[in-house]
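Structure below is work.txt: compact mmCIF, C-alpha atoms.
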```txt
# COMPACT_ATOMS: atom_id res chain seq x y z
CA MET A 1 178.77 122.25 143.24
CA ILE A 2 181.78 122.30 140.96
CA LEU A 3 182.90 124.58 138.16
CA GLU A 4 182.39 122.58 134.97
CA ASP A 5 181.27 123.83 131.58
CA GLY A 6 179.26 122.17 128.84
CA PHE A 7 182.42 120.68 127.31
CA SER A 8 183.42 118.78 130.51
CA ARG A 9 186.21 121.25 131.29
CA ARG A 10 186.76 121.85 135.01
CA PHE A 11 188.08 125.10 136.41
CA HIS A 12 190.55 125.14 139.29
CA TYR A 13 192.37 128.35 138.36
CA LEU A 14 191.18 131.96 138.64
CA ARG A 15 193.00 134.99 137.26
CA LEU A 16 191.97 137.97 139.38
CA SER A 17 192.79 141.45 138.07
CA LEU A 18 193.49 144.06 140.75
CA THR A 19 193.77 147.14 138.54
CA GLU A 20 193.86 148.29 134.95
CA ALA A 21 196.58 150.81 135.79
CA CYS A 22 200.13 150.20 134.64
CA ASN A 23 203.27 152.33 134.76
CA PHE A 24 204.80 150.79 131.60
CA ARG A 25 203.92 151.60 128.01
CA CYS A 26 204.43 148.27 126.26
CA THR A 27 203.95 148.50 122.51
CA TYR A 28 201.65 145.46 122.42
CA CYS A 29 199.39 146.50 125.30
CA LEU A 30 199.30 150.17 126.33
CA PRO A 31 201.64 151.96 123.90
CA ASP A 32 200.27 155.37 124.92
CA GLY A 33 200.33 154.54 128.62
CA TYR A 34 197.43 153.96 130.99
CA ARG A 35 194.69 156.56 130.79
CA PRO A 36 192.61 156.61 134.00
CA ASP A 37 188.85 156.48 133.77
CA GLY A 38 187.54 158.45 136.72
CA ARG A 39 184.29 156.49 136.65
CA LYS A 40 185.98 153.21 137.59
CA SER A 41 186.82 151.99 141.06
CA PHE A 42 188.65 148.73 141.52
CA LEU A 43 187.61 145.89 143.83
CA THR A 44 188.24 146.50 147.53
CA VAL A 45 190.01 144.03 149.81
CA ASP A 46 186.66 142.92 151.25
CA GLU A 47 185.18 142.41 147.78
CA ILE A 48 188.29 140.43 146.79
CA ARG A 49 187.93 138.29 149.93
CA ARG A 50 184.32 137.47 149.07
CA VAL A 51 184.89 136.64 145.41
CA VAL A 52 187.90 134.42 146.21
CA HIS A 53 185.95 132.66 148.96
CA GLY A 54 183.08 132.04 146.56
CA PHE A 55 185.33 130.55 143.89
CA ALA A 56 187.32 128.50 146.42
CA GLU A 57 184.15 126.78 147.62
CA LEU A 58 183.46 125.90 143.98
CA GLY A 59 186.81 124.12 143.64
CA VAL A 60 189.26 126.84 142.60
CA LYS A 61 192.68 126.06 144.10
CA LYS A 62 194.95 128.59 142.40
CA ILE A 63 194.62 132.37 142.23
CA ARG A 64 196.80 134.52 140.00
CA LEU A 65 196.81 138.24 140.76
CA THR A 66 197.09 140.27 137.57
CA GLY A 67 196.60 143.77 136.17
CA GLY A 68 197.50 146.16 134.68
CA GLU A 69 200.33 146.14 137.15
CA PRO A 70 199.22 144.69 140.54
CA SER A 71 201.96 146.52 142.46
CA MET A 72 200.24 149.81 141.62
CA ARG A 73 197.87 148.87 144.46
CA ARG A 74 199.13 150.23 147.79
CA ASP A 75 197.13 147.55 149.60
CA LEU A 76 198.75 144.70 147.63
CA PRO A 77 200.28 143.00 150.72
CA ALA A 78 196.85 142.95 152.40
CA ILE A 79 195.30 141.51 149.22
CA ILE A 80 197.94 138.77 149.02
CA GLU A 81 197.44 137.88 152.68
CA THR A 82 193.66 137.81 152.28
CA VAL A 83 193.81 135.49 149.27
CA ALA A 84 196.50 133.23 150.78
CA ASN A 85 194.45 132.77 153.97
CA THR A 86 191.29 131.71 152.12
CA ALA A 87 190.34 128.10 152.85
CA GLY A 88 190.82 125.92 149.77
CA ILE A 89 193.34 128.17 148.02
CA GLU A 90 196.56 126.20 147.68
CA LYS A 91 198.60 128.55 145.54
CA VAL A 92 198.80 132.32 145.14
CA ALA A 93 200.70 133.60 142.10
CA MET A 94 201.16 137.05 140.58
CA THR A 95 202.14 138.51 137.23
CA THR A 96 204.16 141.73 137.44
CA ASN A 97 206.34 143.94 135.28
CA GLY A 98 208.96 143.69 138.02
CA TYR A 99 209.20 147.44 138.55
CA ARG A 100 208.93 147.13 142.35
CA LEU A 101 210.17 143.57 142.69
CA LYS A 102 213.64 144.37 144.01
CA ASP A 103 212.26 146.31 146.98
CA ARG A 104 209.03 144.37 147.63
CA ALA A 105 209.85 140.70 146.96
CA GLN A 106 210.36 139.82 150.62
CA GLN A 107 207.22 141.69 151.69
CA TRP A 108 205.10 139.86 149.11
CA PHE A 109 206.58 136.48 150.03
CA ASP A 110 205.95 137.07 153.72
CA ALA A 111 202.32 137.95 152.90
CA GLY A 112 201.83 134.55 151.27
CA LEU A 113 202.74 134.94 147.59
CA ARG A 114 204.58 131.87 146.33
CA SER A 115 204.82 132.11 142.55
CA LEU A 116 205.89 135.00 140.31
CA ASN A 117 205.63 135.71 136.62
CA VAL A 118 207.84 138.65 135.64
CA SER A 119 207.57 140.28 132.22
CA ILE A 120 210.92 140.66 130.44
CA ASP A 121 210.54 141.11 126.70
CA SER A 122 214.25 141.50 125.90
CA LEU A 123 217.64 140.93 127.52
CA ASP A 124 219.02 143.89 125.56
CA PRO A 125 218.50 147.08 127.65
CA ARG A 126 217.94 149.24 124.58
CA GLN A 127 215.45 146.85 123.04
CA PHE A 128 213.74 146.44 126.41
CA GLN A 129 213.21 150.18 126.62
CA LEU A 130 211.96 150.32 123.03
CA ILE A 131 209.32 147.68 123.78
CA THR A 132 208.26 148.78 127.28
CA GLY A 133 208.96 152.51 127.31
CA GLU A 134 211.08 152.07 130.46
CA ASN A 135 214.83 151.76 130.96
CA LYS A 136 214.47 149.29 133.85
CA LEU A 137 215.94 146.00 132.66
CA VAL A 138 218.88 146.00 135.09
CA GLU A 139 216.64 146.75 138.07
CA ILE A 140 214.19 144.01 137.07
CA LEU A 141 216.96 141.43 136.72
CA GLU A 142 218.12 142.47 140.19
CA GLY A 143 214.51 141.97 141.27
CA LEU A 144 214.65 138.34 140.10
CA GLU A 145 217.69 137.80 142.34
CA ALA A 146 215.87 139.49 145.24
CA ALA A 147 212.88 137.19 144.70
CA GLN A 148 215.07 134.09 144.82
CA LYS A 149 216.70 135.32 148.03
CA ALA A 150 213.26 136.07 149.50
CA GLY A 151 212.28 132.42 149.13
CA PHE A 152 210.46 132.21 145.79
CA ARG A 153 211.09 128.82 144.23
CA LYS A 154 208.73 129.14 141.28
CA ILE A 155 209.64 132.10 139.07
CA LYS A 156 208.63 132.47 135.44
CA VAL A 157 209.68 135.13 132.96
CA ASN A 158 207.09 136.16 130.38
CA THR A 159 208.39 137.23 126.98
CA VAL A 160 205.99 138.27 124.23
CA LEU A 161 207.33 137.13 120.86
CA LEU A 162 207.63 140.15 118.57
CA LYS A 163 208.79 139.75 114.99
CA ASN A 164 211.59 142.19 114.09
CA LEU A 165 211.92 143.30 117.72
CA ASN A 166 213.02 140.37 119.88
CA ASP A 167 212.59 137.22 117.77
CA HIS A 168 216.35 137.13 117.15
CA GLU A 169 217.14 136.81 120.88
CA LEU A 170 216.22 133.16 121.41
CA SER A 171 219.85 131.99 121.55
CA GLN A 172 220.63 134.68 124.12
CA PHE A 173 217.66 133.62 126.24
CA LEU A 174 218.71 129.96 125.96
CA PHE A 175 222.22 130.81 127.14
CA TRP A 176 220.69 132.69 130.08
CA LEU A 177 218.61 129.61 131.01
CA LYS A 178 221.71 127.43 131.35
CA LYS A 179 222.17 128.63 134.93
CA GLN A 180 218.82 130.28 135.70
CA PRO A 181 216.29 128.00 137.52
CA ILE A 182 213.32 129.78 136.00
CA GLN A 183 210.78 129.03 133.31
CA LEU A 184 210.96 131.30 130.27
CA ARG A 185 207.50 131.60 128.77
CA LEU A 186 207.47 132.68 125.13
CA ILE A 187 204.02 134.07 124.35
CA GLU A 188 202.65 134.62 120.87
CA LEU A 189 201.36 138.13 120.31
CA MET A 190 197.55 138.08 120.41
CA GLN A 191 195.25 140.26 118.38
CA THR A 192 193.10 142.74 120.32
CA GLY A 193 190.70 145.45 119.22
CA GLU A 194 193.15 148.34 119.47
CA MET A 195 196.22 146.48 118.18
CA ASP A 196 195.28 145.16 114.73
CA ALA A 197 198.08 146.94 112.85
CA ARG A 198 200.75 145.99 115.39
CA PHE A 199 199.57 142.39 115.32
CA GLN A 200 199.94 142.20 111.56
CA LYS A 201 203.42 143.72 111.78
CA HIS A 202 204.86 141.84 114.75
CA HIS A 203 203.07 138.49 115.17
CA GLN A 204 205.55 135.61 115.36
CA SER A 205 204.38 132.00 115.55
CA GLY A 206 205.86 129.84 118.29
CA LEU A 207 205.74 126.67 116.17
CA PRO A 208 209.22 127.12 114.59
CA ILE A 209 210.62 127.56 118.11
CA LYS A 210 208.91 124.37 119.25
CA MET A 211 210.44 122.49 116.32
CA ARG A 212 213.89 123.89 117.17
CA LEU A 213 213.58 122.88 120.82
CA LEU A 214 212.60 119.32 119.91
CA ARG A 215 215.50 119.08 117.43
CA GLU A 216 217.91 120.24 120.14
CA GLY A 217 216.80 117.64 122.68
CA TRP A 218 214.22 119.51 124.76
CA LEU A 219 211.48 117.26 126.14
CA GLN A 220 207.84 118.30 126.59
CA GLN A 221 206.55 117.97 130.15
CA PRO A 222 203.10 116.81 131.33
CA LYS A 223 200.66 119.41 132.66
CA GLY A 224 199.37 119.66 136.22
CA GLN A 225 195.75 120.33 137.17
CA THR A 226 196.24 124.04 137.84
CA ASP A 227 198.94 124.73 135.24
CA GLY A 228 198.37 127.45 132.69
CA PRO A 229 198.22 127.03 128.89
CA ALA A 230 201.96 126.78 128.22
CA GLU A 231 203.56 123.77 126.56
CA VAL A 232 206.60 123.31 128.83
CA PHE A 233 209.96 121.88 127.75
CA SER A 234 213.02 120.91 129.77
CA HIS A 235 216.58 119.86 128.88
CA PRO A 236 219.13 118.03 131.04
CA ASP A 237 221.80 120.65 130.24
CA TYR A 238 219.68 123.59 131.40
CA GLN A 239 218.59 124.63 134.88
CA GLY A 240 215.69 126.56 133.37
CA GLN A 241 212.69 125.49 131.32
CA ILE A 242 210.87 126.95 128.33
CA GLY A 243 207.11 127.34 128.08
CA LEU A 244 205.40 128.15 124.79
CA ILE A 245 201.98 129.80 124.76
CA MET A 246 200.53 129.50 121.26
CA PRO A 247 196.87 130.58 121.21
CA TYR A 248 196.65 130.07 117.44
CA SER A 249 197.70 126.42 117.66
CA LYS A 250 195.25 123.57 117.11
CA ASP A 251 193.16 122.59 120.15
CA PHE A 252 194.56 125.42 122.31
CA CYS A 253 191.25 125.77 124.17
CA THR A 254 190.59 122.04 124.66
CA ASN A 255 192.08 121.90 128.16
CA CYS A 256 191.12 125.39 129.34
CA ASN A 257 191.08 125.37 133.16
CA ARG A 258 190.92 129.06 134.06
CA LEU A 259 188.41 131.83 134.49
CA ARG A 260 188.94 135.56 134.94
CA VAL A 261 187.50 138.24 137.17
CA SER A 262 188.26 141.81 136.13
CA SER A 263 189.36 144.61 138.44
CA VAL A 264 185.80 145.96 138.43
CA GLY A 265 184.21 142.63 139.34
CA LYS A 266 183.12 141.07 136.06
CA LEU A 267 183.48 137.35 135.38
CA HIS A 268 185.09 136.76 131.99
CA LEU A 269 184.85 133.26 130.57
CA CYS A 270 187.56 133.91 127.98
CA LEU A 271 190.31 136.45 127.46
CA PHE A 272 188.72 137.11 124.07
CA GLY A 273 184.99 137.23 124.22
CA GLU A 274 181.99 138.73 125.85
CA GLU A 275 181.19 141.77 127.94
CA GLY A 276 181.48 139.82 131.17
CA VAL A 277 179.08 138.66 133.88
CA PRO A 278 178.70 141.32 136.61
CA LEU A 279 179.48 139.99 140.09
CA ARG A 280 180.20 143.13 142.08
CA ASP A 281 176.65 143.69 143.27
CA LEU A 282 176.91 140.30 145.00
CA LEU A 283 180.20 141.14 146.75
CA GLN A 284 178.76 143.62 149.24
CA GLY A 285 178.02 141.19 152.09
CA ASP A 286 179.07 137.72 153.20
CA GLU A 287 175.42 136.63 153.19
CA GLN A 288 175.38 136.94 149.38
CA ASN A 289 177.77 134.02 148.88
CA SER A 290 175.18 131.49 147.69
CA GLU A 291 173.69 133.94 145.22
CA LEU A 292 177.19 134.85 144.00
CA GLN A 293 178.02 131.20 143.37
CA GLY A 294 174.72 130.70 141.57
CA ARG A 295 175.50 133.55 139.18
CA ILE A 296 179.00 132.18 138.56
CA LEU A 297 177.63 128.73 137.76
CA GLU A 298 174.92 130.13 135.50
CA GLY A 299 177.47 132.29 133.70
CA LEU A 300 179.68 129.30 133.07
CA THR A 301 176.94 127.66 131.02
CA HIS A 302 177.66 130.27 128.35
CA LYS A 303 181.38 129.49 127.98
CA ARG A 304 182.18 128.72 124.38
CA GLU A 305 184.24 125.79 123.16
CA THR A 306 186.95 128.00 121.69
CA HIS A 307 187.98 131.57 120.98
CA PHE A 308 187.69 132.96 117.46
CA LEU A 309 191.14 134.50 117.07
CA HIS A 310 191.70 132.46 113.92
CA GLU A 311 188.92 134.50 112.34
CA GLY A 312 190.46 137.77 113.50
CA ASN A 313 187.74 138.13 116.14
CA SER A 314 189.08 139.20 119.55
CA GLY A 315 185.64 139.94 120.93
CA VAL A 316 185.25 143.16 122.90
CA THR A 317 188.74 143.10 124.45
CA PRO A 318 190.37 146.47 123.62
CA HIS A 319 193.75 145.58 125.16
CA LEU A 320 195.11 142.91 127.51
CA ALA A 321 195.25 145.20 130.55
CA SER A 322 191.49 145.69 130.41
CA ILE A 323 190.66 142.26 131.89
CA GLY A 324 193.95 141.06 133.28
CA GLY A 325 195.82 139.50 130.37
```
Starting from the coordinates I provided, produce the structure as C-alpha cells.
Amino acid sequence: MILEDGFSRRFHYLRLSLTEACNFRCTYCLPDGYRPDGRKSFLTVDEIRRVVHGFAELGVKKIRLTGGEPSMRRDLPAIIETVANTAGIEKVAMTTNGYRLKDRAQQWFDAGLRSLNVSIDSLDPRQFQLITGENKLVEILEGLEAAQKAGFRKIKVNTVLLKNLNDHELSQFLFWLKKQPIQLRLIELMQTGEMDARFQKHHQSGLPIKMRLLREGWLQQPKGQTDGPAEVFSHPDYQGQIGLIMPYSKDFCTNCNRLRVSSVGKLHLCLFGEEGVPLRDLLQGDEQNSELQGRILEGLTHKRETHFLHEGNSGVTPHLASIGG
C-alpha cells in the first residue's frame, strides 16, 4: 500500500496539528486571539502515536508538528519523542511562533526534533507587534540563536507577505540573510472564510519578488521528495536562502506531496477544501491500524487536482489555525 491519489501524486509528508490554541493574535490568522471551544479535545499522545504509525507504514517519511502554537501543549516533548521514534519517520519538523524557543530549544532537540520553522513577520519590533499583537521580536531572535546552539541545522523563518505592512522590508531581510544560515520563506497571504476583507487589503503577490531575485543573481534550487511547496533560491554571496510560497501561481498544486491531520483527528486532503475525513474513532487501539489505513486510502481517492483559491473559494477553512496552516 502506498499513498497515491488519482493524479499520480505520492504523499511522503504529513502535517500534524497538535492544537488550535495560540497565544499570538496575528492579523491574518487570529486577530481577536484564540477562543477556546470547550467541546473540543485535542489528540492524545497515544492517538498521535497510532496515527503517525499508520501513515508511516503507508510511506510517510516526514512529519511536521503544527498548530495553533504546538508549544501550548505541555506534553510536547513526549509528542516529539513519540513521533521521532516511529519506524519509517526520517524527519520531524515543527512550526512555531518562537515564543518559547529560547528556553525550550535544547529540550525539543534532545527529544528528536530536527527542523524548525519560526514565524517572524517583521524585523521591526514595532511592526512585529502590530502584526502579531506581541512585543516579542527580540526574544524570538534570541530563540533562533538558542536553536542553533542546541544543534538545529535546518531552521526556516516564515514571513507572511502583507501589503502596506511588511512588503517594504525585503532589503532588510536580504541584508539579514547575508550572515544567517537560515531559509527565509516569504508566504503569500491566503484567503480564508473569516479574512476576506484583510485579504483584499493586504494580499501581495510573490511574483515581483521572484523576478527581483532572478535579476540579482539568485538561483532556483531543485526540490527534494519531502520538501514543502516553496520555490527555493540561493546566492553565492548569502549564507541564507529564500523560499517563495505562491499558492496563486500556475500549477502550484501539481507536485503536492503533503496531507494534513487536524488536532481533533480529521484527515484533510487540502488546506482549502472539505470538512475532513474523521480518523479519531480508529485511533483508540493498536488493533485498528488496518482499518485506519483503509479509511486513509479511501479518503485519498477524493483529493482534488487543485484548490479553488483563484475563484475566491477557500472551502470551509475559517482560519489557518483551524487545521494547522
Computed gap from CA of Gly68 (chain A) to CA of Leu3 (chain A) is 26.3 Å
Dig up all the protein and nucleic acid residues within 9 Å of (193.7, 149.9, 147.3) in the file frame, using all atoms listed in the file, and format them as a list in words.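 In the file's frame, the residues around the point are Leu18, Phe42, Leu43, Thr44, Val45, Met72, Arg73, Arg74, Asp75, Leu76 and Ile79 of chain A.
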So that I have them on file, write out the residues from the current selection with C-alpha atoms, as an mmCIF file, in the coordinates of the input.
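After the write, selection_15.cif holds the following:
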```
data_model
loop_
_atom_site.group_PDB
_atom_site.id
_atom_site.type_symbol
_atom_site.label_atom_id
_atom_site.label_comp_id
_atom_site.auth_asym_id
_atom_site.auth_seq_id
_atom_site.Cartn_x
_atom_site.Cartn_y
_atom_site.Cartn_z
ATOM 1 C CA LEU A 18 193.490 144.060 140.750
ATOM 2 C CA PHE A 42 188.650 148.730 141.520
ATOM 3 C CA LEU A 43 187.610 145.890 143.830
ATOM 4 C CA THR A 44 188.240 146.500 147.530
ATOM 5 C CA VAL A 45 190.010 144.030 149.810
ATOM 6 C CA MET A 72 200.240 149.810 141.620
ATOM 7 C CA ARG A 73 197.870 148.870 144.460
ATOM 8 C CA ARG A 74 199.130 150.230 147.790
ATOM 9 C CA ASP A 75 197.130 147.550 149.600
ATOM 10 C CA LEU A 76 198.750 144.700 147.630
ATOM 11 C CA ILE A 79 195.300 141.510 149.220
#
```
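If you measure from each of A:Thr96, A:His268, A:Glu90, A:Ala21 to Ser41 (chain A) using all atoms listed in the file, the closest one turns out to be A:Ala21.
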In Å and to one decimal, CA of Asn158 (chain A) is distant from CA of Thr95 (chain A) by 8.8 Å
Nearby residues (only C-alpha atoms) at most 9 Å from Gln204 (chain A), same-chain spacing under 4 positions excluded, as an mmCIF file with C-alpha atoms, keeping the file's coordinate frame:
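Listed below is the output, selection.cif:
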```cif
data_model
loop_
_atom_site.group_PDB
_atom_site.id
_atom_site.type_symbol
_atom_site.label_atom_id
_atom_site.label_comp_id
_atom_site.auth_asym_id
_atom_site.auth_seq_id
_atom_site.Cartn_x
_atom_site.Cartn_y
_atom_site.Cartn_z
ATOM 1 C CA LEU A 161 207.330 137.130 120.860
ATOM 2 C CA LEU A 162 207.630 140.150 118.570
ATOM 3 C CA LYS A 163 208.790 139.750 114.990
ATOM 4 C CA ASP A 167 212.590 137.220 117.770
ATOM 5 C CA GLU A 188 202.650 134.620 120.870
ATOM 6 C CA LEU A 189 201.360 138.130 120.310
#
```
Best match for closeness to Ile89 (chain A) among A:Asp286, A:Asp5, A:Glu57, A:Glu231, counting all atoms listed in the file
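Checking each candidate against Ile89 (chain A), we get A:Glu57 as the closest.
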So, with all atoms listed in the file as the atoms that count, which of A:Asn164, A:Ile182, A:Lys149, A:Tyr34 lies closest to Leu116 (chain A)?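 Counting all atoms listed in the file, the residue closest to Leu116 (chain A) is A:Ile182.
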- Task: Could you please determine the separation between CA of Val261 (chain A) and CA of Pro278 (chain A) in Å, to one decimal place?
- Result: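 Spanning CA of Val261 (chain A) to CA of Pro278 (chain A) is a straight-line distance of 9.3 Å.
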Considering all atoms listed in the file, state which residue in the set A:Leu123, A:Asp46, A:Gly276, A:Ile242 is at the smallest distance from Asn135 (chain A).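 Among the listed residues, A:Leu123 lies closest to Asn135 (chain A).
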Practice prompt. For Trp176 (chain A), please output as a VMD selection string all residues within 10 Å (counting only C-alpha atoms; exclusion window: fewer than 6 positions along the same chain).
Written response: chain A and resid 123 170 182 184 238 to 240
Using all atoms listed in the file, find the one residue out of A:Pro247, A:Pro77, A:Gly285, A:Gly54 that sits nearest to Gln191 (chain A).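 The shortest atom-to-atom distance to Gln191 (chain A) comes from A:Pro247.
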Closest of A:Ala230, A:Leu14, A:Ile80, A:Met1 to Leu259 (chain A), counting only C-alpha atoms, is A:Leu14
Residues of region 194-235 of chain A that approach region 243-246 of chain A to 10 Å or less, counting all atoms listed in the file: could you list each one with the shortest pair of atoms and its distance in Å to one decimal, rows by chain and increasing residue number, as JSON lines?
```
{"residue": "A:Gln204", "atom": "CA", "partner": "A:Met246", "partner_atom": "CA", "distance": 9.9}
{"residue": "A:Ser205", "atom": "CA", "partner": "A:Met246", "partner_atom": "CA", "distance": 7.3}
{"residue": "A:Gly206", "atom": "CA", "partner": "A:Met246", "partner_atom": "CA", "distance": 6.1}
{"residue": "A:Leu207", "atom": "CA", "partner": "A:Met246", "partner_atom": "CA", "distance": 7.8}
{"residue": "A:Ile209", "atom": "CA", "partner": "A:Leu244", "partner_atom": "CA", "distance": 8.5}
{"residue": "A:Lys210", "atom": "CA", "partner": "A:Leu244", "partner_atom": "CA", "distance": 7.6}
{"residue": "A:Gln220", "atom": "CA", "partner": "A:Gly243", "partner_atom": "CA", "distance": 9.2}
{"residue": "A:Gln221", "atom": "CA", "partner": "A:Gly243", "partner_atom": "CA", "distance": 9.6}
{"residue": "A:Gly228", "atom": "CA", "partner": "A:Ile245", "partner_atom": "CA", "distance": 9.0}
{"residue": "A:Pro229", "atom": "CA", "partner": "A:Ile245", "partner_atom": "CA", "distance": 6.2}
{"residue": "A:Ala230", "atom": "CA", "partner": "A:Ile245", "partner_atom": "CA", "distance": 4.6}
{"residue": "A:Glu231", "atom": "CA", "partner": "A:Leu244", "partner_atom": "CA", "distance": 5.1}
{"residue": "A:Val232", "atom": "CA", "partner": "A:Gly243", "partner_atom": "CA", "distance": 4.1}
{"residue": "A:Phe233", "atom": "CA", "partner": "A:Gly243", "partner_atom": "CA", "distance": 6.2}
{"residue": "A:Ser234", "atom": "CA", "partner": "A:Gly243", "partner_atom": "CA", "distance": 8.9}
```
Could you list, as a PDB file with C-alpha atoms, keeping the file's coordinate frame, every residue within 7 Å of region 136-148 of chain A, counting only C-alpha atoms and ignoring same-chain residues fewer than 2 positions away?
```pdb
ATOM      1  CA  GLY A  98     208.960 143.690 138.020  1.00  0.00           C
ATOM      2  CA  TYR A  99     209.200 147.440 138.550  1.00  0.00           C
ATOM      3  CA  LEU A 101     210.170 143.570 142.690  1.00  0.00           C
ATOM      4  CA  LYS A 102     213.640 144.370 144.010  1.00  0.00           C
ATOM      5  CA  ALA A 105     209.850 140.700 146.960  1.00  0.00           C
ATOM      6  CA  GLN A 106     210.360 139.820 150.620  1.00  0.00           C
ATOM      7  CA  PRO A 125     218.500 147.080 127.650  1.00  0.00           C
ATOM      8  CA  PHE A 128     213.740 146.440 126.410  1.00  0.00           C
ATOM      9  CA  GLU A 134     211.080 152.070 130.460  1.00  0.00           C
ATOM     10  CA  ALA A 150     213.260 136.070 149.500  1.00  0.00           C
ATOM     11  CA  GLY A 151     212.280 132.420 149.130  1.00  0.00           C
ATOM     12  CA  PHE A 152     210.460 132.210 145.790  1.00  0.00           C
ATOM     13  CA  ARG A 153     211.090 128.820 144.230  1.00  0.00           C
TER      14      ARG A 153
END
```
Please complete region 34-54 of chain A so it has N, CA and C atoms, and hand it over as a compact mmCIF listing (two decimals), in the frame of the given file.
```txt
# COMPACT_ATOMS: atom_id res chain seq x y z
N TYR A 34 198.76 154.13 130.40
CA TYR A 34 197.43 153.96 130.99
C TYR A 34 196.73 155.30 131.11
N ARG A 35 195.49 155.34 130.69
CA ARG A 35 194.69 156.56 130.79
C ARG A 35 193.54 156.31 131.76
N PRO A 36 193.61 156.89 132.97
CA PRO A 36 192.61 156.61 134.00
C PRO A 36 191.20 157.00 133.56
N ASP A 37 190.26 156.19 133.96
CA ASP A 37 188.85 156.48 133.77
C ASP A 37 188.28 156.79 135.15
N GLY A 38 187.98 158.03 135.39
CA GLY A 38 187.54 158.45 136.72
C GLY A 38 186.27 157.79 137.18
N ARG A 39 185.55 157.13 136.28
CA ARG A 39 184.29 156.49 136.65
C ARG A 39 184.51 155.10 137.26
N LYS A 40 185.72 154.57 137.13
CA LYS A 40 185.98 153.21 137.59
C LYS A 40 186.61 153.19 138.97
N SER A 41 186.16 152.26 139.80
CA SER A 41 186.82 151.99 141.06
C SER A 41 187.07 150.49 141.11
N PHE A 42 188.26 150.13 141.55
CA PHE A 42 188.65 148.73 141.52
C PHE A 42 188.19 148.00 142.78
N LEU A 43 188.11 146.69 142.71
CA LEU A 43 187.61 145.89 143.83
C LEU A 43 188.37 146.19 145.12
N THR A 44 187.64 146.28 146.22
CA THR A 44 188.24 146.50 147.53
C THR A 44 188.75 145.18 148.09
N VAL A 45 189.50 145.25 149.18
CA VAL A 45 190.01 144.03 149.81
C VAL A 45 188.86 143.14 150.25
N ASP A 46 187.81 143.72 150.82
CA ASP A 46 186.66 142.92 151.25
C ASP A 46 185.96 142.26 150.07
N GLU A 47 185.81 142.99 148.98
CA GLU A 47 185.18 142.41 147.78
C GLU A 47 186.05 141.29 147.22
N ILE A 48 187.36 141.47 147.24
CA ILE A 48 188.29 140.43 146.79
C ILE A 48 188.16 139.20 147.69
N ARG A 49 188.09 139.42 148.99
CA ARG A 49 187.93 138.29 149.93
C ARG A 49 186.68 137.48 149.61
N ARG A 50 185.58 138.18 149.33
CA ARG A 50 184.32 137.47 149.07
C ARG A 50 184.34 136.72 147.74
N VAL A 51 184.90 137.33 146.70
CA VAL A 51 184.89 136.64 145.41
C VAL A 51 185.84 135.44 145.45
N VAL A 52 186.97 135.56 146.11
CA VAL A 52 187.90 134.42 146.21
C VAL A 52 187.28 133.30 147.04
N HIS A 53 186.62 133.67 148.13
CA HIS A 53 185.95 132.66 148.96
C HIS A 53 184.89 131.91 148.15
N GLY A 54 184.12 132.66 147.37
CA GLY A 54 183.08 132.04 146.56
C GLY A 54 183.64 131.05 145.56
```
